[in-house]
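Heads up, query29.txt below (compact mmCIF, C-alpha atoms):
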```txt
# COMPACT_ATOMS: atom_id res chain seq x y z
CA MET D 737 -1.40 -35.97 -115.37
CA LEU D 738 1.88 -37.32 -116.83
CA PHE D 739 4.15 -35.09 -118.86
CA ARG D 740 6.94 -36.26 -121.12
CA GLY D 741 10.17 -34.41 -121.65
CA LYS D 742 12.24 -32.21 -119.39
CA ARG D 743 10.83 -30.87 -116.16
CA LYS D 744 10.97 -27.16 -115.51
CA ASP D 745 12.66 -26.01 -112.30
CA GLY D 746 10.56 -26.92 -109.30
CA GLU D 747 7.70 -28.40 -111.34
CA GLY D 748 6.52 -31.72 -109.99
CA LEU D 749 8.94 -31.78 -107.05
CA ALA D 750 8.04 -31.88 -103.40
CA SER D 751 9.19 -28.82 -101.45
CA ASP D 752 11.97 -30.66 -99.60
CA GLU D 753 13.33 -32.14 -102.86
CA ASN D 754 13.66 -28.75 -104.55
CA GLU D 755 16.77 -27.73 -102.58
CA ASP D 756 19.97 -27.34 -104.56
CA HIS D 757 22.21 -30.31 -103.90
CA ALA D 758 25.55 -30.71 -105.62
CA PRO D 759 25.84 -34.00 -107.48
CA PRO D 760 28.35 -36.42 -106.00
CA ASN D 761 31.86 -36.13 -107.35
CA LYS D 762 32.74 -38.69 -109.97
CA VAL D 763 35.56 -41.01 -109.06
CA SER D 764 37.70 -42.15 -111.95
CA LYS D 765 38.61 -45.79 -112.16
CA THR D 766 42.27 -46.44 -111.55
CA PHE D 767 44.13 -49.61 -112.32
CA SER D 768 47.41 -50.55 -110.79
CA ALA D 769 50.10 -51.44 -113.25
CA VAL D 770 50.81 -55.13 -113.58
CA ASP D 771 54.50 -54.45 -113.04
CA SER D 772 53.89 -52.70 -109.68
CA ASP D 773 54.83 -54.30 -106.37
CA ASP D 774 51.31 -54.21 -104.85
CA SER D 775 49.76 -56.28 -107.64
CA ASP D 776 48.59 -59.86 -107.03
CA ASP D 777 48.86 -60.71 -110.74
CA VAL D 778 51.02 -63.55 -111.96
CA VAL D 779 51.76 -63.12 -115.66
CA VAL D 780 51.59 -66.58 -117.16
CA CYS D 781 52.45 -65.68 -120.75
CA GLU D 782 52.51 -62.85 -123.23
CA ILE D 783 50.42 -63.74 -126.27
CA SER D 784 51.67 -60.76 -128.26
CA LYS D 785 53.24 -57.37 -127.63
CA ASN D 786 50.16 -55.91 -125.93
CA ARG D 787 48.24 -59.04 -124.89
CA ARG D 788 48.90 -61.26 -121.93
CA VAL D 789 47.40 -64.01 -119.82
CA SER D 790 47.60 -63.59 -116.08
CA VAL D 791 46.18 -65.18 -112.97
CA ARG D 792 44.98 -62.77 -110.32
CA ASN D 793 43.30 -62.67 -106.96
CA TRP D 794 40.54 -60.05 -107.02
CA ASN D 795 37.85 -59.61 -104.37
CA GLY D 796 38.92 -62.86 -102.76
CA LYS D 797 38.44 -64.90 -105.95
CA ILE D 798 40.98 -66.23 -108.42
CA TRP D 799 40.55 -65.17 -112.07
CA VAL D 800 42.29 -66.08 -115.33
CA ASP D 801 42.62 -62.76 -117.13
CA ILE D 802 43.23 -62.54 -120.90
CA ARG D 803 43.64 -58.84 -121.65
CA GLU D 804 45.12 -56.16 -123.88
CA PHE D 805 47.45 -53.63 -122.28
CA TYR D 806 48.45 -50.11 -123.24
CA VAL D 807 51.40 -47.92 -122.29
CA LYS D 808 50.81 -44.64 -120.44
CA ASP D 809 53.61 -42.62 -118.88
CA GLY D 810 55.99 -45.54 -119.34
CA LYS D 811 53.73 -48.00 -117.47
CA GLN D 812 51.84 -50.93 -118.91
CA LEU D 813 48.19 -50.65 -117.84
CA PRO D 814 45.29 -53.06 -118.43
CA GLY D 815 42.80 -51.98 -121.08
CA LYS D 816 39.08 -52.55 -121.39
CA LYS D 817 39.43 -55.22 -124.06
CA GLY D 818 39.73 -58.60 -122.46
CA ILE D 819 38.01 -61.25 -120.43
CA SER D 820 38.33 -62.49 -116.89
CA LEU D 821 37.34 -66.11 -116.40
CA SER D 822 36.42 -67.59 -113.04
CA LEU D 823 37.99 -70.93 -112.15
CA ASP D 824 34.78 -72.72 -113.17
CA GLN D 825 34.74 -70.97 -116.55
CA TRP D 826 38.46 -71.65 -117.04
CA ASN D 827 37.93 -75.37 -116.33
CA VAL D 828 35.10 -75.56 -118.90
CA LEU D 829 37.30 -73.88 -121.52
CA ARG D 830 40.26 -76.12 -120.69
CA ASP D 831 38.08 -79.25 -120.90
CA HIS D 832 36.99 -78.22 -124.40
CA ALA D 833 40.50 -77.48 -125.70
CA GLU D 834 40.57 -80.63 -127.88
CA ALA D 835 37.21 -79.80 -129.48
CA ILE D 836 38.42 -76.26 -130.17
CA ASP D 837 41.64 -77.59 -131.74
CA LYS D 838 39.60 -79.99 -133.88
CA ALA D 839 37.29 -77.18 -135.07
CA LEU D 840 40.33 -75.04 -135.89
CA ALA D 841 41.90 -77.85 -137.90
CA GLU D 842 38.66 -78.38 -139.85
CA ASN D 843 38.31 -74.68 -140.69
CA SER D 844 41.90 -74.01 -141.72
```
Structure encoded using structure tokens:
Amino acid sequence: MLFRGKRKDGEGLASDENEDHAPPNKVSKTFSAVDSDDSDDVVVCEISKNRRVSVRNWNGKIWVDIREFYVKDGKQLPGKKGISLSLDQWNVLRDHAEAIDKALAENS
């Protein structure tokens, strides 16, 4: 018989699964600052005060990273808002730059 909702202690568990096991410790994500020496980022340009375009080598692949940054403890750190484009994606975007410019001109 299936029950919905929370299970009571020990109900529906096999005897070897009912032992108390501590959950694994959570590991917080850490980002190295772009200005640090161990970073493989090459800052291509700063779009605005907190936005920049960089090229980076991550997991053996090259990415074009367009991202917002924030300041914490005097260091500029990458934020969640942004996009990393693979070389294939970057080439598609670059090839469509004229069409994007044309659409911008028509809508402004």
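CA of Ser790 in chain D to CA of Ala841 in chain D spans 26.7 Å [interatomic distance, one decimal].
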*Please indicate the distance in Å from CA of Gly818 in chain D to CA of Asp776 in chain D, rounded to one decimal place.*
17.8 Å
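What separates CA of Glu782 in chain D from CA of Lys838 in chain D is a distance of 24.0 Å.
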Rebuild range 774-801 of chain D to N, CA and C atoms - output it as a JSON list (two decimals), in the frame of the given file, please.
```
[["chain", "number", "residue", "atom", "x", "y", "z"],
["D", 774, "ASP", "N", 52.51, -53.89, -105.62],
["D", 774, "ASP", "CA", 51.31, -54.21, -104.85],
["D", 774, "ASP", "C", 50.31, -55.05, -105.63],
["D", 775, "SER", "N", 50.66, -55.50, -106.80],
["D", 775, "SER", "CA", 49.76, -56.28, -107.64],
["D", 775, "SER", "C", 49.83, -57.75, -107.27],
["D", 776, "ASP", "N", 48.65, -58.43, -107.30],
["D", 776, "ASP", "CA", 48.59, -59.86, -107.03],
["D", 776, "ASP", "C", 48.58, -60.66, -108.32],
["D", 777, "ASP", "N", 48.89, -60.03, -109.44],
["D", 777, "ASP", "CA", 48.86, -60.71, -110.74],
["D", 777, "ASP", "C", 50.11, -61.54, -110.93],
["D", 778, "VAL", "N", 49.92, -62.71, -111.52],
["D", 778, "VAL", "CA", 51.02, -63.55, -111.96],
["D", 778, "VAL", "C", 50.88, -63.67, -113.46],
["D", 779, "VAL", "N", 51.81, -63.06, -114.20],
["D", 779, "VAL", "CA", 51.76, -63.12, -115.66],
["D", 779, "VAL", "C", 52.22, -64.50, -116.09],
["D", 780, "VAL", "N", 51.31, -65.21, -116.73],
["D", 780, "VAL", "CA", 51.59, -66.58, -117.16],
["D", 780, "VAL", "C", 52.31, -66.57, -118.50],
["D", 781, "CYS", "N", 51.79, -65.78, -119.46],
["D", 781, "CYS", "CA", 52.45, -65.68, -120.75],
["D", 781, "CYS", "C", 52.01, -64.41, -121.46],
["D", 782, "GLU", "N", 52.86, -63.97, -122.37],
["D", 782, "GLU", "CA", 52.51, -62.85, -123.23],
["D", 782, "GLU", "C", 52.15, -63.43, -124.59],
["D", 783, "ILE", "N", 50.91, -63.21, -125.01],
["D", 783, "ILE", "CA", 50.42, -63.74, -126.27],
["D", 783, "ILE", "C", 51.00, -62.96, -127.43],
["D", 784, "SER", "N", 51.06, -61.64, -127.27],
["D", 784, "SER", "CA", 51.67, -60.76, -128.26],
["D", 784, "SER", "C", 52.22, -59.56, -127.52],
["D", 785, "LYS", "N", 52.62, -58.54, -128.25],
["D", 785, "LYS", "CA", 53.24, -57.37, -127.63],
["D", 785, "LYS", "C", 52.35, -56.73, -126.57],
["D", 786, "ASN", "N", 51.06, -56.61, -126.84],
["D", 786, "ASN", "CA", 50.16, -55.91, -125.93],
["D", 786, "ASN", "C", 49.08, -56.81, -125.32],
["D", 787, "ARG", "N", 49.23, -58.12, -125.45],
["D", 787, "ARG", "CA", 48.24, -59.04, -124.89],
["D", 787, "ARG", "C", 48.94, -60.04, -123.99],
["D", 788, "ARG", "N", 48.30, -60.29, -122.85],
["D", 788, "ARG", "CA", 48.90, -61.26, -121.93],
["D", 788, "ARG", "C", 47.83, -62.01, -121.16],
["D", 789, "VAL", "N", 48.25, -63.17, -120.66],
["D", 789, "VAL", "CA", 47.40, -64.01, -119.82],
["D", 789, "VAL", "C", 47.99, -63.94, -118.42],
["D", 790, "SER", "N", 47.14, -63.64, -117.46],
["D", 790, "SER", "CA", 47.60, -63.59, -116.08],
["D", 790, "SER", "C", 46.58, -64.24, -115.17],
["D", 791, "VAL", "N", 47.04, -64.63, -114.01],
["D", 791, "VAL", "CA", 46.18, -65.18, -112.97],
["D", 791, "VAL", "C", 46.21, -64.17, -111.84],
["D", 792, "ARG", "N", 45.03, -63.79, -111.36],
["D", 792, "ARG", "CA", 44.98, -62.77, -110.32],
["D", 792, "ARG", "C", 43.97, -63.11, -109.24],
["D", 793, "ASN", "N", 44.21, -62.56, -108.08],
["D", 793, "ASN", "CA", 43.30, -62.67, -106.96],
["D", 793, "ASN", "C", 42.61, -61.33, -106.83],
["D", 794, "TRP", "N", 41.30, -61.29, -107.07],
["D", 794, "TRP", "CA", 40.54, -60.05, -107.02],
["D", 794, "TRP", "C", 39.26, -60.28, -106.24],
["D", 795, "ASN", "N", 39.01, -59.48, -105.26],
["D", 795, "ASN", "CA", 37.85, -59.61, -104.37],
["D", 795, "ASN", "C", 37.76, -61.00, -103.75],
["D", 796, "GLY", "N", 38.89, -61.57, -103.42],
["D", 796, "GLY", "CA", 38.92, -62.86, -102.76],
["D", 796, "GLY", "C", 38.69, -64.05, -103.68],
["D", 797, "LYS", "N", 38.63, -63.81, -104.98],
["D", 797, "LYS", "CA", 38.44, -64.90, -105.95],
["D", 797, "LYS", "C", 39.60, -64.92, -106.92],
["D", 798, "ILE", "N", 39.89, -66.08, -107.45],
["D", 798, "ILE", "CA", 40.98, -66.23, -108.42],
["D", 798, "ILE", "C", 40.39, -66.18, -109.82],
["D", 799, "TRP", "N", 41.01, -65.39, -110.70],
["D", 799, "TRP", "CA", 40.55, -65.17, -112.07],
["D", 799, "TRP", "C", 41.69, -65.43, -113.05],
["D", 800, "VAL", "N", 41.35, -65.98, -114.20],
["D", 800, "VAL", "CA", 42.29, -66.08, -115.33],
["D", 800, "VAL", "C", 41.92, -64.92, -116.25],
["D", 801, "ASP", "N", 42.87, -64.01, -116.42],
["D", 801, "ASP", "CA", 42.62, -62.76, -117.13],
["D", 801, "ASP", "C", 43.37, -62.77, -118.46]]
```
